[in-house]
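The structure file input.tsv is reproduced below (TSV, C-alpha atoms).
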```
chain	number	residue	atom	x	y	z
A	1	MET	CA	-96.83	-83.83	100.19
A	2	ASN	CA	-100.42	-84.59	101.22
A	3	LYS	CA	-100.00	-86.92	104.14
A	4	HIS	CA	-100.59	-85.22	107.48
A	5	ILE	CA	-97.75	-85.47	109.93
A	6	THR	CA	-99.61	-85.80	113.24
A	7	GLU	CA	-98.99	-89.54	113.36
A	8	ILE	CA	-95.25	-88.99	113.10
A	9	LEU	CA	-95.50	-86.43	115.92
A	10	ASP	CA	-97.42	-88.81	118.17
A	11	ASN	CA	-95.38	-91.89	117.37
A	12	THR	CA	-92.17	-90.85	119.05
A	13	SER	CA	-90.69	-87.98	121.04
A	14	LEU	CA	-89.45	-85.01	119.02
A	15	ALA	CA	-85.94	-85.66	120.27
A	16	ASN	CA	-86.00	-89.09	118.67
A	17	LEU	CA	-87.22	-87.99	115.25
A	18	SER	CA	-84.75	-88.61	112.43
A	19	GLU	CA	-83.46	-85.77	110.28
A	20	ASN	CA	-85.56	-87.10	107.37
A	21	GLU	CA	-88.72	-87.06	109.46
A	22	LEU	CA	-88.02	-83.50	110.65
A	23	THR	CA	-87.45	-82.36	107.06
A	24	GLU	CA	-90.72	-83.99	106.03
A	25	ILE	CA	-92.59	-82.30	108.89
A	26	ARG	CA	-91.15	-78.84	108.18
A	27	ALA	CA	-91.94	-79.12	104.52
A	28	HIS	CA	-95.49	-80.18	105.24
A	29	VAL	CA	-96.35	-77.48	107.80
A	30	VAL	CA	-95.52	-74.72	105.32
A	31	ASP	CA	-98.75	-75.44	103.46
A	32	CYS	CA	-100.83	-77.17	106.15
A	33	ALA	CA	-102.07	-74.87	108.90
A	34	SER	CA	-103.59	-77.60	111.07
A	35	CYS	CA	-100.36	-79.63	111.02
A	36	GLY	CA	-98.42	-76.43	111.71
A	37	LYS	CA	-100.48	-75.93	114.83
A	38	ALA	CA	-99.96	-79.55	115.81
A	39	TYR	CA	-96.20	-79.24	115.34
A	40	ASP	CA	-96.10	-76.06	117.44
A	41	ALA	CA	-98.06	-77.80	120.18
A	42	ALA	CA	-95.76	-80.83	120.02
A	43	ARG	CA	-92.69	-78.59	120.42
A	44	MET	CA	-94.27	-76.80	123.40
A	45	SER	CA	-95.30	-80.08	124.98
A	46	ALA	CA	-91.81	-81.49	124.62
A	47	ALA	CA	-90.35	-78.34	126.21
A	48	VAL	CA	-92.67	-78.29	129.22
A	49	LEU	CA	-92.20	-82.03	129.77
A	50	LYS	CA	-88.42	-81.55	129.82
A	51	SER	CA	-88.87	-78.75	132.29
A	52	ARG	CA	-91.15	-80.89	134.44
A	53	THR	CA	-88.62	-83.72	134.73
A	54	GLN	CA	-85.87	-81.27	135.65
A	55	ALA	CA	-87.82	-80.24	138.74
A	56	VAL	CA	-86.31	-82.89	140.99
A	57	ILE	CA	-86.53	-82.66	144.76
A	58	GLU	CA	-83.40	-83.82	146.58
A	59	PRO	CA	-83.56	-85.77	149.84
A	60	SER	CA	-82.94	-83.77	153.00
A	61	PRO	CA	-79.91	-84.69	155.18
A	62	PHE	CA	-82.30	-86.09	157.80
A	63	PHE	CA	-84.17	-88.37	155.45
A	64	GLN	CA	-82.17	-91.50	156.29
A	65	THR	CA	-82.65	-90.94	160.05
A	66	ARG	CA	-86.36	-90.39	159.52
A	67	VAL	CA	-86.75	-93.61	157.53
A	68	MET	CA	-84.89	-95.66	160.11
A	69	ALA	CA	-87.03	-94.16	162.91
A	70	ALA	CA	-90.20	-94.95	160.94
A	71	LEU	CA	-88.93	-98.48	160.39
A	72	ARG	CA	-88.44	-99.02	164.14
A	73	GLU	CA	-91.86	-97.53	164.81
A	74	GLN	CA	-93.39	-99.92	162.28
A	75	GLN	CA	-91.64	-102.88	163.85
A	76	ALA	CA	-92.91	-101.86	167.31
A	77	ALA	CA	-96.45	-101.47	165.98
A	78	GLU	CA	-96.26	-104.89	164.36
A	79	SER	CA	-95.32	-106.54	167.66
A	80	VAL	CA	-98.64	-105.45	169.28
A	81	PRO	CA	-100.82	-107.20	166.70
A	82	ALA	CA	-98.64	-110.28	167.23
A	83	MET	CA	-99.71	-110.31	170.90
A	84	LEU	CA	-103.30	-109.80	169.80
A	85	ARG	CA	-103.03	-112.76	167.42
A	86	LEU	CA	-101.66	-114.90	170.26
A	87	TRP	CA	-104.53	-113.84	172.50
A	88	ARG	CA	-107.08	-114.62	169.77
A	89	SER	CA	-105.77	-118.13	169.28
A	90	ALA	CA	-105.57	-118.75	173.04
A	91	LYS	CA	-109.01	-117.27	173.68
A	92	ALA	CA	-110.88	-120.48	172.89
A	93	VAL	CA	-108.69	-122.53	175.22
A	94	VAL	CA	-109.01	-119.96	178.01
A	95	ALA	CA	-112.80	-119.81	177.56
A	96	THR	CA	-113.07	-123.60	177.67
A	97	MET	CA	-110.98	-123.66	180.84
A	98	ALA	CA	-113.18	-120.99	182.45
A	99	VAL	CA	-116.37	-122.88	181.61
A	100	THR	CA	-114.91	-126.10	182.97
A	101	THR	CA	-113.82	-124.37	186.19
A	102	ALA	CA	-117.28	-122.83	186.60
A	103	ALA	CA	-118.94	-126.20	186.03
A	104	LEU	CA	-116.67	-127.82	188.59
A	105	ALA	CA	-117.46	-125.04	191.06
A	106	VAL	CA	-121.17	-125.59	190.60
A	107	VAL	CA	-120.80	-129.33	191.05
A	108	SER	CA	-118.60	-128.89	194.11
A	109	PHE	CA	-120.32	-126.10	196.05
A	110	VAL	CA	-123.85	-125.53	194.82
A	111	ALA	CA	-125.30	-128.95	194.02
A	112	PRO	CA	-126.81	-130.80	196.99
A	113	ALA	CA	-124.30	-132.94	198.82
A	114	GLU	CA	-126.21	-136.12	198.07
A	115	SER	CA	-123.14	-137.82	196.74
A	116	THR	CA	-121.25	-137.45	200.06
A	117	PRO	CA	-123.80	-138.01	202.86
A	118	ALA	CA	-121.31	-139.58	205.26
A	119	THR	CA	-119.03	-136.55	205.29
A	120	ASP	CA	-121.69	-134.04	206.33
A	121	GLN	CA	-123.46	-135.50	209.27
A	122	SER	CA	-124.67	-132.22	210.68
A	123	THR	CA	-127.01	-131.51	207.76
A	124	SER	CA	-127.80	-134.99	206.45
A	125	VAL	CA	-131.37	-136.20	206.99
A	126	TYR	CA	-129.92	-139.54	208.00
A	127	SER	CA	-127.56	-138.21	210.63
A	128	ALA	CA	-127.83	-139.16	214.25
A	129	TYR	CA	-128.48	-135.57	215.13
A	130	SER	CA	-131.52	-135.37	212.87
A	131	VAL	CA	-132.87	-138.74	213.95
A	132	ILE	CA	-132.80	-137.60	217.56
A	133	MET	CA	-133.86	-133.97	217.11
A	134	ASP	CA	-136.54	-134.45	214.45
A	135	GLN	CA	-138.52	-137.09	216.25
A	136	PRO	CA	-142.07	-136.10	217.27
A	137	ALA	CA	-142.63	-135.17	220.88
A	138	ASP	CA	-144.89	-138.14	221.54
A	139	GLU	CA	-142.25	-140.58	220.34
A	140	GLN	CA	-139.40	-139.49	222.64
A	141	MET	CA	-136.48	-141.95	222.75
A	142	THR	CA	-135.09	-143.29	225.95
A	143	TYR	CA	-131.53	-142.43	226.99
A	144	GLU	CA	-130.28	-145.90	225.96
A	145	GLN	CA	-131.94	-145.59	222.55
A	146	VAL	CA	-130.24	-142.22	222.01
A	147	LEU	CA	-126.80	-143.61	222.89
A	148	SER	CA	-127.20	-146.70	220.73
A	149	THR	CA	-128.31	-144.57	217.76
A	150	ILE	CA	-125.28	-142.28	218.11
A	151	TYR	CA	-122.79	-145.16	218.38
A	152	GLU	CA	-124.47	-146.99	215.53
A	153	ASP	CA	-124.06	-143.87	213.36
A	154	ASP	CA	-120.42	-143.44	214.33
A	155	ASP	CA	-119.71	-147.05	213.44
A	156	GLU	CA	-121.29	-146.57	210.02
A	157	ALA	CA	-119.20	-143.45	209.44
A	158	ARG	CA	-115.97	-145.36	210.13
B	1	MET	CA	-75.55	-107.07	146.24
B	2	ASP	CA	-73.57	-107.43	149.44
B	3	LEU	CA	-75.58	-104.67	151.02
B	4	ALA	CA	-78.83	-106.38	150.09
B	5	ARG	CA	-77.59	-109.69	151.50
B	6	GLN	CA	-76.53	-108.07	154.75
B	7	ALA	CA	-79.85	-106.26	155.04
B	8	GLN	CA	-81.69	-109.51	154.33
B	9	ALA	CA	-79.77	-111.08	157.21
B	10	GLY	CA	-81.20	-108.38	159.51
B	11	ASP	CA	-78.27	-105.95	159.48
B	12	GLU	CA	-80.00	-102.60	160.07
B	13	SER	CA	-76.92	-100.55	159.28
B	14	ALA	CA	-76.74	-102.17	155.84
B	15	PHE	CA	-80.31	-101.14	155.19
B	16	ALA	CA	-79.53	-97.62	156.42
B	17	GLU	CA	-76.73	-97.52	153.86
B	18	ILE	CA	-79.17	-98.61	151.12
B	19	VAL	CA	-81.45	-95.73	152.12
B	20	ARG	CA	-78.55	-93.26	152.04
B	21	ARG	CA	-77.19	-94.48	148.72
B	22	TYR	CA	-80.43	-94.83	146.76
B	23	SER	CA	-82.64	-92.08	148.19
B	24	PRO	CA	-81.63	-89.61	145.42
B	25	ARG	CA	-82.85	-92.12	142.83
B	26	VAL	CA	-86.12	-92.75	144.70
B	27	PHE	CA	-86.66	-89.01	145.12
B	28	ARG	CA	-86.12	-88.56	141.39
B	29	VAL	CA	-88.85	-91.08	140.61
B	30	ALA	CA	-91.24	-89.59	143.17
B	31	SER	CA	-90.56	-86.08	141.81
B	32	ARG	CA	-91.99	-87.22	138.51
B	33	PHE	CA	-95.33	-87.72	140.23
B	34	PHE	CA	-95.38	-85.01	142.89
B	35	ARG	CA	-94.09	-81.47	143.12
B	36	GLN	CA	-94.59	-80.82	146.82
B	37	ARG	CA	-91.61	-81.80	148.96
B	38	SER	CA	-93.85	-83.27	151.66
B	39	LEU	CA	-95.51	-85.64	149.18
B	40	VAL	CA	-92.20	-86.65	147.60
B	41	GLU	CA	-90.75	-87.42	151.04
B	42	GLU	CA	-93.86	-89.31	152.09
B	43	ALA	CA	-93.67	-91.43	148.94
B	44	ALA	CA	-89.93	-92.04	149.32
B	45	GLN	CA	-90.33	-93.12	152.94
B	46	GLU	CA	-93.13	-95.47	151.95
B	47	VAL	CA	-90.87	-96.94	149.26
B	48	PHE	CA	-88.09	-97.76	151.74
B	49	LEU	CA	-90.49	-99.21	154.31
B	50	LYS	CA	-91.94	-101.45	151.60
B	51	ALA	CA	-88.47	-102.35	150.41
B	52	TYR	CA	-87.50	-103.43	153.93
B	53	THR	CA	-90.50	-105.74	154.25
B	54	GLN	CA	-89.91	-107.12	150.74
B	55	LEU	CA	-86.16	-107.65	151.13
B	56	GLY	CA	-86.74	-111.39	151.06
B	57	SER	CA	-88.18	-111.15	147.55
B	58	PHE	CA	-85.06	-109.47	146.17
B	59	GLU	CA	-83.16	-112.29	144.53
B	60	GLY	CA	-80.23	-110.26	143.33
B	61	ARG	CA	-80.84	-110.89	139.62
B	62	GLY	CA	-81.11	-107.18	138.86
B	63	SER	CA	-79.64	-104.16	140.60
B	64	ILE	CA	-80.94	-102.79	143.89
B	65	GLU	CA	-81.49	-99.50	142.09
B	66	GLY	CA	-83.73	-101.14	139.48
B	67	TRP	CA	-85.62	-103.02	142.17
B	68	LEU	CA	-86.16	-99.82	144.19
B	69	THR	CA	-87.17	-97.89	141.06
B	70	ARG	CA	-89.91	-100.40	140.42
B	71	ILE	CA	-91.17	-100.25	143.99
B	72	ALA	CA	-91.04	-96.43	143.82
B	73	THR	CA	-92.98	-96.31	140.55
B	74	ASN	CA	-95.71	-98.61	141.79
B	75	THR	CA	-95.93	-96.87	145.17
B	76	CYS	CA	-96.32	-93.45	143.55
B	77	LEU	CA	-98.89	-94.76	141.06
B	78	ASN	CA	-100.91	-96.23	143.94
B	79	MET	CA	-100.69	-92.98	145.87
B	80	LEU	CA	-101.94	-91.04	142.85
B	81	ARG	CA	-104.76	-93.50	142.21
B	82	SER	CA	-105.99	-93.27	145.77
B	83	ALA	CA	-105.71	-89.47	145.81
B	84	LYS	CA	-108.59	-87.30	144.75
B	85	ARG	CA	-108.91	-86.80	141.03
B	86	ARG	CA	-107.28	-83.59	139.93
B	87	PRO	CA	-109.51	-80.80	138.57
B	88	GLU	CA	-110.21	-81.00	134.88
B	89	PHE	CA	-107.94	-79.13	132.53
B	90	THR	CA	-109.34	-75.71	131.64
B	91	VAL	CA	-107.92	-73.08	129.37
B	92	SER	CA	-109.42	-70.21	131.36
B	93	ASP	CA	-107.28	-71.11	134.36
B	94	LEU	CA	-104.08	-69.99	132.63
B	95	SER	CA	-102.12	-67.42	134.60
B	96	ASP	CA	-100.70	-64.30	132.92
B	97	ASP	CA	-97.20	-65.75	133.17
B	98	GLU	CA	-98.31	-68.96	131.46
B	99	GLN	CA	-100.05	-67.03	128.68
B	100	ASN	CA	-96.97	-64.87	128.16
B	101	TRP	CA	-94.70	-67.90	128.07
B	102	LEU	CA	-96.86	-69.61	125.47
B	103	GLU	CA	-97.05	-66.48	123.33
B	104	GLN	CA	-93.29	-66.00	123.44
B	105	GLN	CA	-92.51	-69.60	122.66
B	106	SER	CA	-95.02	-70.00	119.85
B	107	GLY	CA	-93.36	-67.11	118.04
B	108	THR	CA	-89.96	-68.82	117.95
B	109	ASP	CA	-88.44	-70.48	114.95
B	110	GLY	CA	-89.94	-73.92	114.39
B	111	SER	CA	-86.53	-75.47	113.88
B	112	LYS	CA	-85.55	-74.71	117.48
B	113	GLN	CA	-86.85	-76.18	120.69
B	114	PRO	CA	-88.67	-73.68	122.94
B	115	SER	CA	-86.65	-72.40	125.87
B	116	VAL	CA	-87.33	-73.74	129.32
B	117	GLU	CA	-85.69	-70.75	130.98
B	118	ASN	CA	-88.72	-69.88	133.04
B	119	SER	CA	-88.92	-73.36	134.46
B	120	VAL	CA	-91.58	-72.68	137.10
B	121	VAL	CA	-94.05	-71.47	134.48
B	122	ALA	CA	-93.10	-74.28	132.11
B	123	THR	CA	-93.49	-76.83	134.92
B	124	ASP	CA	-96.89	-75.41	135.81
B	125	LEU	CA	-97.92	-75.72	132.18
B	126	ALA	CA	-96.64	-79.29	132.10
B	127	ASP	CA	-98.79	-80.17	135.10
B	128	ARG	CA	-101.74	-78.52	133.44
B	129	VAL	CA	-101.50	-80.57	130.24
B	130	LEU	CA	-100.50	-83.75	132.10
B	131	SER	CA	-103.69	-83.53	134.14
B	132	VAL	CA	-105.62	-84.87	131.13
B	133	LEU	CA	-103.74	-88.17	131.46
B	134	SER	CA	-104.04	-91.14	133.77
B	135	PRO	CA	-101.14	-91.52	136.23
B	136	GLU	CA	-99.83	-94.45	134.17
B	137	ASP	CA	-99.83	-92.46	130.92
B	138	GLN	CA	-98.16	-89.53	132.67
B	139	GLN	CA	-95.46	-91.84	133.90
B	140	ALA	CA	-94.78	-93.28	130.45
B	141	LEU	CA	-94.68	-89.88	128.75
B	142	LEU	CA	-92.53	-88.17	131.37
B	143	MET	CA	-89.97	-90.96	131.27
B	144	ILE	CA	-89.76	-91.17	127.47
B	145	ASP	CA	-90.23	-87.56	126.37
B	146	GLY	CA	-88.98	-85.87	129.53
B	147	GLU	CA	-86.09	-88.08	130.57
B	148	ASP	CA	-85.27	-89.67	127.19
B	149	ALA	CA	-85.76	-93.15	128.63
B	150	SER	CA	-86.12	-96.03	126.20
B	151	ILE	CA	-89.28	-98.12	125.89
B	152	LYS	CA	-87.36	-100.99	127.49
B	153	GLU	CA	-86.32	-98.87	130.49
B	154	VAL	CA	-89.92	-97.82	131.09
B	155	ALA	CA	-91.05	-101.43	130.80
B	156	GLU	CA	-88.48	-102.47	133.40
B	157	ALA	CA	-89.37	-99.66	135.78
B	158	THR	CA	-93.10	-100.30	135.62
B	159	GLY	CA	-93.39	-104.01	134.94
B	160	TRP	CA	-95.50	-103.35	131.81
B	161	SER	CA	-94.82	-105.01	128.48
B	162	GLU	CA	-92.93	-102.98	125.88
B	163	SER	CA	-95.98	-102.87	123.59
B	164	LYS	CA	-98.08	-101.53	126.45
B	165	VAL	CA	-95.51	-98.80	127.06
B	166	LYS	CA	-95.57	-97.86	123.35
B	167	VAL	CA	-99.36	-97.66	123.30
B	168	ARG	CA	-99.47	-95.59	126.48
B	169	ALA	CA	-96.79	-93.20	125.23
B	170	PHE	CA	-98.47	-92.76	121.82
B	171	ARG	CA	-101.87	-92.10	123.41
B	172	ALA	CA	-100.42	-89.77	126.04
B	173	ARG	CA	-98.38	-87.79	123.50
B	174	ARG	CA	-101.43	-87.22	121.33
B	175	LYS	CA	-103.62	-86.13	124.28
B	176	VAL	CA	-100.99	-83.75	125.59
B	177	ARG	CA	-100.41	-82.29	122.14
B	178	GLU	CA	-104.16	-81.74	121.70
B	179	ALA	CA	-104.39	-80.13	125.13
B	180	MET	CA	-101.49	-77.84	124.23
B	181	GLU	CA	-103.14	-76.98	120.91
B	182	LYS	CA	-106.19	-75.83	122.85
B	183	LEU	CA	-103.99	-73.59	124.98
B	184	LEU	CA	-102.26	-72.15	121.94
B	185	GLY	CA	-105.50	-71.61	120.04
B	186	ARG	CA	-107.40	-69.96	122.89
```

Please express what this file holds, its structure, as structure tokens.
Amino acid sequence: MNKHITEILDNTSLANLSENELTEIRAHVVDCASCGKAYDAARMSAAVLKSRTQAVIEPSPFFQTRVMAALREQQAAESVPAMLRLWRSAKAVVATMAVTTAALAVVSFVAPAESTPATDQSTSVYSAYSVIMDQPADEQMTYEQVLSTIYEDDDEAR
Amino acid sequence: MDLARQAQAGDESAFAEIVRRYSPRVFRVASRFFRQRSLVEEAAQEVFLKAYTQLGSFEGRGSIEGWLTRIATNTCLNMLRSAKRRPEFTVSDLSDDEQNWLEQQSGTDGSKQPSVENSVVATDLADRVLSVLSPEDQQALLMIDGEDASIKEVAEATGWSESKVKVRAFRARRKVREAMEKLLGR
């Protein structure tokens, strides 16, 4: 028999070789040293692989408890990112609201009160107070002129 | 199936029962990939956490055990892929015990299978020759040659086609045999 048997060895596990195949292999390795070595190696490999799969680690009695604890931990950790996601989506709305509030504050408190002259008579350039107090010394008003200016202003305000 | 349905409905005690019932199976799969208890436990825990989040995808066509086996196989393969590559196989690293074991076994009658009495040494040798394989090839070879699984069973556990399993097993068997020949011929 001239055909080398390495292909038979590699094609299937030794345990699954038929009796005919085993007879063929044994007959061949008597005269073929390289195939004999290959057959020896295949037998060793099969043995150590069997041994390797027998080395099974069993679960400890606490394994179930540990998994359930890890599961709860994972669920708790997942709830934090959910809050973060909510914040991220709300961030744009909150930012827009903040900008709007700031703009309104600027308009309301910082910008000159030109739009509401009648409501701030003490500082308005057109108020009775300013008309009377800002007049030059050489153009002093008479008492009647002062009174009529004040009443005129009050009437306008009403 | 009832357990899976209850767990899908949010019943935590049903899921706890799944963990209790199928953890030996998941540990068996993880033990194929890892020998350290801590790594096997880490992998098994990862498997059940994944299973919980993927409960909705379990349609009940197959068994829970088959479904978990597949998750376990893929989880362990991913863990191995992301781990550092193992050191290359070298003959000079053989311990005295390993050398003795090989010498004893190679002298036995070729018609008998070598003994696996000294399982720690044999397991160490297995890891040594398996280190020449990719995690996927290791998986295929250990299931078929180590556990006598059929090509179909490996295909179901891994999600690979049957022809892919055959090719992987053939290639892995040859590489392992060649690695063992090097050890024997040192």

What is the atom CA of Arg52 of chain A-atom CA of Asn20 of chain A distance in Å, reported with one decimal?
28.3 Å

Counting all atoms listed in the file, what is within 8 Å of segment 41-44 of chain B, bar same-chain residues fewer than 3 positions away, as a PyMOL selection string?
(chain A and resi 59+63) or (chain B and resi 23+26-27+30+37-38+47-48+72+75-76+79)

Using all atoms listed in the file, pick whichever of B:Asp96, B:Asp2, B:Glu12, B:Glu65 has the shortest atom-to-atom distance to chain A.
B:Glu12

Across A:Glu152, A:Glu144, A:Asp31, A:Glu58, the smallest distance to chain B, with only C-alpha atoms counted, is shown by A:Glu58

With 6 Å as the limit and counting only C-alpha atoms, what residues in chain A lie close to chain B? Please list them as a tab-separated table (two decimals) with C-alpha atoms, in the coordinates of the input.
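Saved to result_12.tsv:
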```tsv
chain	number	residue	atom	x	y	z
A	10	ASP	CA	-97.42	-88.81	118.17
A	11	ASN	CA	-95.38	-91.89	117.37
A	13	SER	CA	-90.69	-87.98	121.04
A	41	ALA	CA	-98.06	-77.80	120.18
A	42	ALA	CA	-95.76	-80.83	120.02
A	47	ALA	CA	-90.35	-78.34	126.21
A	48	VAL	CA	-92.67	-78.29	129.22
A	49	LEU	CA	-92.20	-82.03	129.77
A	50	LYS	CA	-88.42	-81.55	129.82
A	51	SER	CA	-88.87	-78.75	132.29
A	52	ARG	CA	-91.15	-80.89	134.44
A	53	THR	CA	-88.62	-83.72	134.73
A	56	VAL	CA	-86.31	-82.89	140.99
A	64	GLN	CA	-82.17	-91.50	156.29
A	67	VAL	CA	-86.75	-93.61	157.53
```

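Computed from the coordinates, the atom CA of Thr69 of chain B to atom CA of Gln54 of chain B distance equals 13.7 Å.
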
Just how far from atom CA of Glu21 of chain A is atom CA of Ile8 of chain A, in Å to one decimal?
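Computing it gives 7.7 Å between the two atoms.
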
Quick one: 4 Å padding each side, axis-aligned, all listed atoms of segment 144-156 of chain B - centre and edge lengths in Å to one decimal, as JSON?
```
{"center_x": -88.2, "center_y": -94.2, "center_z": 129.6, "size_x": 13.8, "size_y": 24.6, "size_z": 15.5}
```

Residues within 9 Å of (-87.6, -103.6, 143.3), file coords, only C-alpha atoms, listed as a PDB file with C-alpha atoms, in the coordinates of the input:
```pdb
ATOM      1  CA  ALA B  51     -88.470-102.350 150.410  1.00  0.00           C
ATOM      2  CA  GLN B  54     -89.910-107.120 150.740  1.00  0.00           C
ATOM      3  CA  LEU B  55     -86.160-107.650 151.130  1.00  0.00           C
ATOM      4  CA  SER B  57     -88.180-111.150 147.550  1.00  0.00           C
ATOM      5  CA  PHE B  58     -85.060-109.470 146.170  1.00  0.00           C
ATOM      6  CA  GLY B  62     -81.110-107.180 138.860  1.00  0.00           C
ATOM      7  CA  SER B  63     -79.640-104.160 140.600  1.00  0.00           C
ATOM      8  CA  ILE B  64     -80.940-102.790 143.890  1.00  0.00           C
ATOM      9  CA  GLU B  65     -81.490 -99.500 142.090  1.00  0.00           C
ATOM     10  CA  GLY B  66     -83.730-101.140 139.480  1.00  0.00           C
ATOM     11  CA  TRP B  67     -85.620-103.020 142.170  1.00  0.00           C
ATOM     12  CA  LEU B  68     -86.160 -99.820 144.190  1.00  0.00           C
ATOM     13  CA  THR B  69     -87.170 -97.890 141.060  1.00  0.00           C
ATOM     14  CA  ARG B  70     -89.910-100.400 140.420  1.00  0.00           C
ATOM     15  CA  ILE B  71     -91.170-100.250 143.990  1.00  0.00           C
ATOM     16  CA  ALA B  72     -91.040 -96.430 143.820  1.00  0.00           C
ATOM     17  CA  ALA B 157     -89.370 -99.660 135.780  1.00  0.00           C
TER      18      ALA B 157
END
```

Within 12 Å of (-99.4, -77.0, 109.9), in the coordinates the file gives, what residues turn up when you count all atoms listed in the file, written out as a ChimeraX atom specification?
/A:2-6,9,24-42 /B:110,181

Best match for closeness to Leu39 of chain B among B:Ala83, B:Gly60, B:Leu133, B:Tyr22, counting all atoms listed in the file:
B:Ala83

From the list B:Asn78, B:Lys152, B:Gln139, B:Ala14, the nearest residue to Met68 of chain A using only C-alpha atoms is B:Ala14
